[in-house]
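> Got a structure here, written out as structure tokens. Questions coming.
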Amino acid sequence: MLTIDCKDIVPIKNELLVYVADQAAAIPTLKNNQFTLSTLNDDEILDTDLVISAIKEFLDSIGEGRNFAVIANNNLIKIESVSGKIIERDNQAHYEMFSCTHCGFVTRYEVELNEHMKIHYL
């Protein structure tokens, strides 16, 4: 399992999570200022270099690649501002995301999460 610390880029955390999880074929789980990625099998190990590469690609795609450093330390990957700049998005609504504690399923709708959770108890 890898933890990605996003405290300097919180407004784009959800977009980053979707992109990186897709690139790394990993299961994401949201937390406050970070997210975690895990594999389907506990025996498998996530490729840290692939995750870092995906994060850098995403930052480059939004024109922020030069402003942020991606630093790996064991199972923690930190995205830090190089110049002290943090990403802010005032004109975009901030949506809360809901994550399944069993499998990492992510949705913007609490009702959808509640319906999804029922499948774990069949």
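Labeling convention for the structure tokens: chains A, B, ... as they appear, residues from 1 per chain, ligands from 1 in order of appearance.
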Which of chain A end up as strand (DSSP E) when DSSP is run on this backbone - answer as JSON, numbers by chain?

{"A": [2, 3, 4, 5, 27, 28, 29, 30, 34, 35, 36, 37, 38, 68, 69, 70, 71, 72, 73, 76, 77, 78, 79, 80, 81, 98, 99, 106, 107]}

> Could you save the residues just selected, with N, CA, C and O atoms, as a short mmCIF file (atom, residue, chain, number, x, y, z; two decimals), in the first residue's frame?


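This is the output file result-v8.cif:
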```
data_model
loop_
_atom_site.label_atom_id
_atom_site.label_comp_id
_atom_site.auth_asym_id
_atom_site.auth_seq_id
_atom_site.Cartn_x
_atom_site.Cartn_y
_atom_site.Cartn_z
N LEU A 2 0.52 2.20 -0.83
CA LEU A 2 1.23 3.48 -0.90
C LEU A 2 0.31 4.60 -0.44
O LEU A 2 -0.88 4.59 -0.74
N THR A 3 0.86 5.56 0.28
CA THR A 3 0.11 6.74 0.70
C THR A 3 0.65 7.94 -0.05
O THR A 3 1.86 8.15 -0.11
N ILE A 4 -0.24 8.73 -0.64
CA ILE A 4 0.14 9.92 -1.38
C ILE A 4 -0.36 11.13 -0.61
O ILE A 4 -1.57 11.31 -0.44
N ASP A 5 0.57 11.95 -0.12
CA ASP A 5 0.26 13.15 0.66
C ASP A 5 0.01 14.30 -0.31
O ASP A 5 0.89 14.67 -1.08
N ILE A 27 -6.33 0.21 -6.26
CA ILE A 27 -7.58 0.56 -5.58
C ILE A 27 -7.31 1.78 -4.70
O ILE A 27 -6.48 1.72 -3.79
N PRO A 28 -8.01 2.89 -4.96
CA PRO A 28 -7.79 4.10 -4.15
C PRO A 28 -8.69 4.16 -2.93
O PRO A 28 -9.79 3.63 -2.93
N THR A 29 -8.20 4.81 -1.89
CA THR A 29 -8.99 5.10 -0.70
C THR A 29 -8.69 6.54 -0.30
O THR A 29 -7.52 6.90 -0.11
N LEU A 30 -9.74 7.35 -0.17
CA LEU A 30 -9.58 8.76 0.17
C LEU A 30 -9.40 8.97 1.66
O LEU A 30 -10.03 8.29 2.47
N GLN A 34 -4.85 13.27 1.87
CA GLN A 34 -4.06 12.25 1.19
C GLN A 34 -4.97 11.15 0.68
O GLN A 34 -6.16 11.15 0.94
N PHE A 35 -4.39 10.25 -0.10
CA PHE A 35 -5.12 9.05 -0.49
C PHE A 35 -4.15 7.89 -0.50
O PHE A 35 -2.93 8.08 -0.53
N THR A 36 -4.69 6.69 -0.41
CA THR A 36 -3.85 5.50 -0.44
C THR A 36 -4.20 4.68 -1.67
O THR A 36 -5.32 4.73 -2.18
N LEU A 37 -3.21 3.94 -2.13
CA LEU A 37 -3.40 3.03 -3.25
C LEU A 37 -2.99 1.64 -2.80
O LEU A 37 -1.96 1.47 -2.15
N SER A 38 -3.80 0.66 -3.13
CA SER A 38 -3.46 -0.72 -2.79
C SER A 38 -3.79 -1.62 -3.98
O SER A 38 -4.52 -1.22 -4.89
N PHE A 68 5.84 21.75 -8.46
CA PHE A 68 5.72 20.74 -7.40
C PHE A 68 6.74 19.63 -7.58
O PHE A 68 7.02 19.20 -8.69
N ALA A 69 7.28 19.18 -6.45
CA ALA A 69 8.20 18.04 -6.42
C ALA A 69 7.47 16.82 -5.90
O ALA A 69 6.62 16.93 -5.02
N VAL A 70 7.79 15.67 -6.46
CA VAL A 70 7.19 14.41 -6.02
C VAL A 70 8.30 13.62 -5.34
O VAL A 70 9.27 13.21 -5.97
N ILE A 71 8.16 13.44 -4.03
CA ILE A 71 9.22 12.85 -3.21
C ILE A 71 8.72 11.53 -2.60
O ILE A 71 7.68 11.50 -1.96
N ALA A 72 9.49 10.47 -2.82
CA ALA A 72 9.12 9.15 -2.28
C ALA A 72 10.01 8.81 -1.09
O ALA A 72 11.22 9.04 -1.13
N ASN A 73 9.38 8.28 -0.04
CA ASN A 73 10.11 7.82 1.13
C ASN A 73 9.39 6.58 1.65
O ASN A 73 8.32 6.70 2.25
N LEU A 76 5.46 6.22 1.44
CA LEU A 76 4.84 7.54 1.42
C LEU A 76 5.39 8.33 0.23
O LEU A 76 6.60 8.42 0.05
N ILE A 77 4.48 8.88 -0.55
CA ILE A 77 4.86 9.76 -1.65
C ILE A 77 4.27 11.13 -1.33
O ILE A 77 3.06 11.26 -1.11
N LYS A 78 5.13 12.13 -1.29
CA LYS A 78 4.71 13.47 -0.91
C LYS A 78 4.79 14.37 -2.13
O LYS A 78 5.76 14.36 -2.86
N ILE A 79 3.73 15.15 -2.34
CA ILE A 79 3.73 16.15 -3.41
C ILE A 79 3.89 17.50 -2.72
O ILE A 79 2.99 17.96 -2.03
N GLU A 80 5.07 18.10 -2.89
CA GLU A 80 5.40 19.34 -2.18
C GLU A 80 5.62 20.48 -3.14
O GLU A 80 6.23 20.32 -4.20
N SER A 81 5.17 21.63 -2.73
CA SER A 81 5.39 22.84 -3.50
C SER A 81 6.87 23.22 -3.46
O SER A 81 7.48 23.22 -2.39
N PHE A 98 -16.94 9.98 -1.18
CA PHE A 98 -17.21 8.91 -0.23
C PHE A 98 -16.51 7.66 -0.72
O PHE A 98 -16.54 7.35 -1.91
N SER A 99 -15.89 6.94 0.21
CA SER A 99 -15.10 5.76 -0.14
C SER A 99 -15.56 4.56 0.67
O SER A 99 -15.77 4.65 1.88
N VAL A 106 -15.15 4.48 -4.88
CA VAL A 106 -15.24 5.92 -4.63
C VAL A 106 -16.41 6.51 -5.40
O VAL A 106 -16.61 6.20 -6.58
N THR A 107 -17.18 7.38 -4.73
CA THR A 107 -18.29 8.06 -5.38
C THR A 107 -18.49 9.44 -4.74
O THR A 107 -18.04 9.67 -3.62
#
```

> Identify, with DSSP run on backbone atoms, the residues in chain A assigned to helix (DSSP H, G or I), and express the list as a ChimeraX atom specification.

/A:10-24,48-61,110-121

> Quick one: residues within 10 Å of Ser53 (chain A), only C-alpha atoms, excluding same-chain residues fewer than 6 positions away - as a list in words?

Val20, Gln23, Ala24, Leu59 and Val70 of chain A

> Which residue out of A:Ile9, A:Ile119, A:Ile52, A:Leu46 has the minimum interatomic distance to Asn67 (chain A) when only C-alpha atoms are used?

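Comparing A:Ile9, A:Ile119, A:Ile52, A:Leu46 against Asn67 (chain A), the winner is A:Ile9.
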
> Could you tell me which of A:Thr39, A:Ser83, A:Thr48, A:Asn75 comes closest to Ala26 (chain A) if we count only C-alpha atoms?

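The answer is A:Thr39, which sits nearest to Ala26 (chain A).
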
> Between CA of Glu44 (chain A) and CA of Lys31 (chain A), what distance in Å does the model show, to one decimal?

22.4 Å

> One decimal, in Å: what's the spacing between CA of Ile55 (chain A) and CA of Leu16 (chain A)?

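The value is 7.1 Å.
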
> Kindly give the distance, in Å, that separates CA of Arg66 (chain A) and CA of Pro11 (chain A), rounded to a single decimal.

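Result for CA of Arg66 (chain A) versus CA of Pro11 (chain A): 17.8 Å, one decimal.
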
> Which residue, A:Asn32, A:Asn74, A:Asn41, A:Ser61, has the smallest gap to Met97 (chain A) when you use only C-alpha atoms?

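Distance minimum relative to Met97 (chain A) lands on A:Asn32.
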
> Under the rule that only C-alpha atoms are counted, which of A:Leu113, A:Cys6, A:Leu50, A:Met1 is the nearest residue to Ile86 (chain A)?

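Nearest to Ile86 (chain A): A:Cys6.
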